[in-house]
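Structure file protein08.txt (compact mmCIF, C-alpha atoms) follows.
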```txt
# COMPACT_ATOMS: atom_id res chain seq x y z
CA MET A 1 152.67 64.77 42.05
CA SER A 2 151.43 68.28 42.68
CA LYS A 3 147.95 69.40 41.70
CA ARG A 4 149.28 71.00 38.51
CA ASP A 5 152.26 69.12 37.16
CA ASP A 6 153.32 70.36 33.71
CA LEU A 7 154.12 67.81 31.03
CA VAL A 8 157.75 67.65 29.89
CA ARG A 9 158.75 66.35 26.46
CA PHE A 10 161.88 64.21 26.08
CA GLY A 11 163.35 61.84 23.55
CA VAL A 12 163.66 58.10 23.98
CA ALA A 13 165.95 55.84 21.98
CA MET A 14 165.24 52.12 21.68
CA GLU A 15 165.79 49.24 19.31
CA GLY A 16 163.42 49.07 16.34
CA SER A 17 162.14 45.61 17.32
CA LEU A 18 161.34 46.82 20.85
CA LEU A 19 159.56 49.90 19.47
CA ARG A 20 157.45 47.72 17.15
CA ALA A 21 156.48 45.47 20.09
CA PHE A 22 155.76 48.55 22.21
CA ASP A 23 153.60 50.08 19.46
CA ALA A 24 151.63 46.81 19.26
CA LEU A 25 150.98 47.10 23.00
CA VAL A 26 149.92 50.74 22.59
CA LYS A 27 147.51 49.75 19.81
CA LYS A 28 146.09 46.84 21.84
CA ARG A 29 145.44 49.20 24.78
CA GLU A 30 143.90 51.76 22.40
CA SER A 31 146.18 54.36 23.94
CA THR A 32 149.18 56.51 23.05
CA ARG A 33 152.91 55.98 23.45
CA SER A 34 153.00 58.80 26.00
CA GLU A 35 150.24 57.37 28.17
CA VAL A 36 151.67 53.84 28.14
CA LEU A 37 155.14 55.19 29.00
CA ARG A 38 153.60 57.19 31.88
CA ASP A 39 151.83 54.04 33.12
CA LEU A 40 155.07 52.06 32.96
CA ALA A 41 157.01 54.82 34.72
CA ARG A 42 154.38 55.13 37.50
CA ALA A 43 154.39 51.35 38.00
CA GLU A 44 158.18 51.22 38.26
CA VAL A 45 158.38 54.22 40.62
CA THR A 46 155.72 52.61 42.83
CA ARG A 47 157.54 49.26 42.76
CA ALA A 48 160.76 51.01 43.84
CA GLN A 49 159.00 52.91 46.64
CA VAL A 50 157.40 49.71 47.95
CA SER A 51 160.72 47.83 47.82
CA GLU A 52 162.32 50.67 49.82
CA GLY A 53 159.76 50.13 52.59
CA SER A 54 157.35 52.99 52.00
CA ASP A 55 153.82 52.96 53.30
CA ALA A 56 151.58 51.03 50.96
CA VAL A 57 148.06 49.99 50.17
CA ALA A 58 147.66 46.31 49.30
CA THR A 59 145.06 43.80 48.25
CA VAL A 60 145.65 40.26 49.40
CA THR A 61 143.59 37.74 47.46
CA LEU A 62 143.31 34.12 48.53
CA VAL A 63 141.32 31.01 47.78
CA TYR A 64 141.03 28.49 50.57
CA ASP A 65 139.28 25.30 51.58
CA HIS A 66 137.01 26.29 54.45
CA HIS A 67 136.69 22.63 55.52
CA VAL A 68 140.26 22.69 56.84
CA ARG A 69 140.10 22.58 60.61
CA ASP A 70 140.49 25.99 62.33
CA LEU A 71 141.49 27.73 59.08
CA THR A 72 138.78 30.40 59.23
CA GLU A 73 139.68 31.20 62.83
CA ARG A 74 143.40 31.36 61.96
CA LEU A 75 142.75 33.77 59.07
CA ILE A 76 140.69 36.04 61.34
CA GLU A 77 143.40 35.85 64.01
CA LEU A 78 146.07 36.90 61.50
CA GLN A 79 143.94 39.85 60.38
CA HIS A 80 143.25 40.94 63.95
CA GLY A 81 147.00 40.86 64.55
CA LEU A 82 147.33 43.74 62.07
CA GLY A 83 144.64 45.79 63.80
CA SER A 84 143.66 48.95 61.95
CA LYS A 85 146.02 48.11 59.07
CA VAL A 86 143.21 45.85 57.82
CA ARG A 87 140.92 48.33 56.14
CA SER A 88 138.33 45.94 54.72
CA SER A 89 137.75 42.36 53.66
CA MET A 90 135.35 40.63 51.34
CA HIS A 91 134.44 36.96 51.54
CA VAL A 92 132.81 35.05 48.66
CA HIS A 93 131.73 31.39 48.50
CA LEU A 94 133.04 29.86 45.27
CA ASP A 95 131.67 26.35 45.71
CA PRO A 96 130.70 24.07 48.63
CA ALA A 97 134.34 23.76 49.76
CA HIS A 98 136.18 26.88 48.59
CA CYS A 99 136.05 30.55 49.49
CA LEU A 100 137.66 33.61 47.95
CA GLU A 101 138.75 36.38 50.26
CA VAL A 102 140.08 39.81 49.37
CA ILE A 103 141.70 41.76 52.20
CA ILE A 104 142.58 45.43 51.81
CA LEU A 105 145.54 46.55 53.90
CA GLU A 106 147.32 49.83 54.56
CA GLY A 107 150.65 50.28 56.31
CA PRO A 108 154.40 49.68 55.96
CA ALA A 109 155.00 47.62 52.80
CA LYS A 110 157.30 45.16 54.57
CA GLU A 111 154.71 44.43 57.26
CA LEU A 112 151.95 43.92 54.66
CA GLN A 113 154.17 41.51 52.69
CA GLN A 114 154.99 39.55 55.87
CA PHE A 115 151.27 39.26 56.64
CA ALA A 116 150.57 37.98 53.12
CA ASP A 117 153.42 35.46 53.37
CA ARG A 118 152.00 34.09 56.65
CA VAL A 119 148.49 33.86 55.16
CA PHE A 120 149.72 32.09 52.00
CA ALA A 121 151.68 29.58 54.10
CA THR A 122 148.63 28.69 56.20
CA ARG A 123 147.42 25.12 55.74
CA GLY A 124 144.27 25.09 53.59
CA VAL A 125 145.09 28.21 51.58
CA LYS A 126 145.18 26.97 47.97
CA HIS A 127 146.09 30.16 46.06
CA GLY A 128 147.21 33.61 47.06
CA GLY A 129 148.47 36.85 45.60
CA ILE A 130 149.28 40.35 46.74
CA GLU A 131 149.15 43.59 44.78
CA MET A 132 150.82 46.51 46.50
CA ILE A 133 151.11 50.19 45.61
CA ALA A 134 152.88 52.98 47.44
CA GLY A 135 150.32 54.78 49.57
CA GLY A 136 150.00 58.55 49.63
CA ARG A 137 149.24 59.87 53.10
CA THR A 138 147.47 63.03 54.16
CA SER A 139 148.32 65.22 57.12
CA SER A 140 145.88 63.22 59.23
CA ASP A 141 148.08 60.15 58.50
CA ARG A 142 145.24 58.28 56.78
CA LEU A 143 144.87 57.32 53.15
CA HIS A 144 143.25 60.17 51.25
CA VAL A 145 140.06 59.10 49.51
CA HIS A 146 137.93 61.16 47.14
CA LEU A 147 134.20 60.48 47.36
CA HIS A 148 131.78 61.55 44.69
CA GLU A 149 128.12 61.28 43.89
CA HIS A 150 126.89 59.32 40.91
CA GLU A 151 123.60 58.39 39.37
CA HIS A 152 122.11 55.11 40.56
CA VAL A 153 121.88 52.36 38.01
CA GLY A 154 119.72 49.47 39.12
CA ASP A 155 118.55 49.01 42.70
CA HIS A 156 121.43 49.36 45.13
CA GLN A 157 122.08 51.19 48.38
CA HIS A 158 125.07 53.18 49.63
CA HIS A 159 126.28 52.63 53.17
CA GLU A 160 128.51 54.98 55.14
CA HIS A 161 131.52 53.48 56.90
CA SER A 162 133.89 54.99 59.41
CA ASP A 163 137.52 55.44 58.36
CA HIS A 164 138.74 52.57 60.52
CA SER A 165 135.99 50.05 59.89
CA HIS A 166 136.38 46.60 58.47
CA SER A 167 134.01 43.70 58.48
CA HIS A 168 134.20 39.98 58.24
CA SER A 169 131.43 37.90 56.76
CA ARG A 170 132.25 34.28 57.39
CA SER A 171 130.54 31.00 56.74
CA LYS A 172 129.88 28.66 59.63
CA LYS A 173 132.72 26.28 60.35
CA THR A 174 132.13 22.80 59.01
CA LYS A 175 133.72 19.56 60.11
CA ALA A 176 137.12 18.78 58.63
CA LYS A 177 137.15 15.96 56.13
```
Could you render the structure from this file as structure tokens?
Amino acid sequence: MSKRDDLVRFGVAMEGSLLRAFDALVKKRESTRSEVLRDLARAEVTRAQVSEGSDAVATVTLVYDHHVRDLTERLIELQHGLGSKVRSSMHVHLDPAHCLEVIILEGPAKELQQFADRVFATRGVKHGGIEMIAGGRTSSDRLHVHLHEHEHVGDHQHHEHSDHSHSHSRSKKTKAK
């Protein structure tokens, strides 16, 4: 969309039962029919763009058993295979045996999906999911990000990162059971 994209009014016809169900959704979201329709339209347009192979931004979320032999190394190897398409990753210990990892990717949708499929099929990965949206690119061919200042709440620090950085925080490998 352009910076200033005028709203256009149009009529929609639908069955009464569907409209009542839709209105219940609108009420639950504490929104308006127009805003929910815009959200649905944006989601469907994005889904179509991704299925047509556009560039995308994705989050890959997985839960895995870090006791499985060589699993951590295999996950790192898969990520390194994508190079700069891996924008960031976050690793969280859920319990003594399981870790949650969220990997943020950017690149051709098909390639990101293939990566996720390989990760999910890796022995020791218990659960996995991918959320993908069509990525808007700037003239510098990088994802455009808006940064802004905000008031600090609590005691936290901000850290600057280069555009291509990603980090891995891994637990030490333990013996397989």
**OP:** May I ask for the distance between CA of Val119 in chain A and CA of Val45 in chain A, given in Å to one decimal place?
**Re:** 26.9 Å
**OP:** Using all atoms listed in the file, determine which residues lie at most 8 Å from Val86 in chain A, disregarding the query and same-chain residues fewer than 3 positions distant; provide the list as a list in words.
**Re:** Gln79, His80, Leu82, Gly83, Ser89, Ile103, Ile104, Leu105, Glu106 and His166 of chain A
Original post:
Taking all atoms listed in the file into account, which of A:Asp65, A:Asp95, A:Glu35, A:Asp5 comes nearest Val125 in chain A?
Top reply: A:Asp65
**OP:** Figure out the distance between CA of Ala56 in chain A and CA of Arg74 in chain A, please, to one decimal in Å.
**Re:**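 Distance reported for this atom pair: 24.0 Å.
Interatomic distance, CA of Val57 in chain A against CA of Ile133 in chain A: 5.5 Å.
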Original post:
Which residue out of A:Val12, A:Leu25, A:Ala116, A:Ala109 has the minimum interatomic distance to Ser54 in chain A when only C-alpha atoms are used?
Top reply: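 Smallest distance to Ser54 in chain A is found for A:Ala109.
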I'd like the contact shell of Ala97 in chain A - 9 Å cut-off, all atoms listed in the file, skipping same-chain residues fewer than 3 positions apart - returned as an mmCIF file with C-alpha atoms, keeping the file's coordinate frame.
```cif
data_model
loop_
_atom_site.group_PDB
_atom_site.id
_atom_site.type_symbol
_atom_site.label_atom_id
_atom_site.label_comp_id
_atom_site.auth_asym_id
_atom_site.auth_seq_id
_atom_site.Cartn_x
_atom_site.Cartn_y
_atom_site.Cartn_z
ATOM 1 C CA TYR A 64 141.030 28.490 50.570
ATOM 2 C CA ASP A 65 139.280 25.300 51.580
ATOM 3 C CA HIS A 66 137.010 26.290 54.450
ATOM 4 C CA HIS A 67 136.690 22.630 55.520
ATOM 5 C CA HIS A 93 131.730 31.390 48.500
ATOM 6 C CA LEU A 94 133.040 29.860 45.270
#
```
Original post:
If you count all atoms listed in the file, which residues fall within 6 Å of Val102 in chain A, apart from same-chain ones fewer than 3 positions away, as JSON, numbers by chain?
Top reply: {"A": [60, 61, 89, 90]}
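Among the candidates A:Cys99, A:Leu112, A:Leu7, A:Ala121, the residue lying nearest to Ser51 in chain A is A:Leu112 (atoms considered: only C-alpha atoms).
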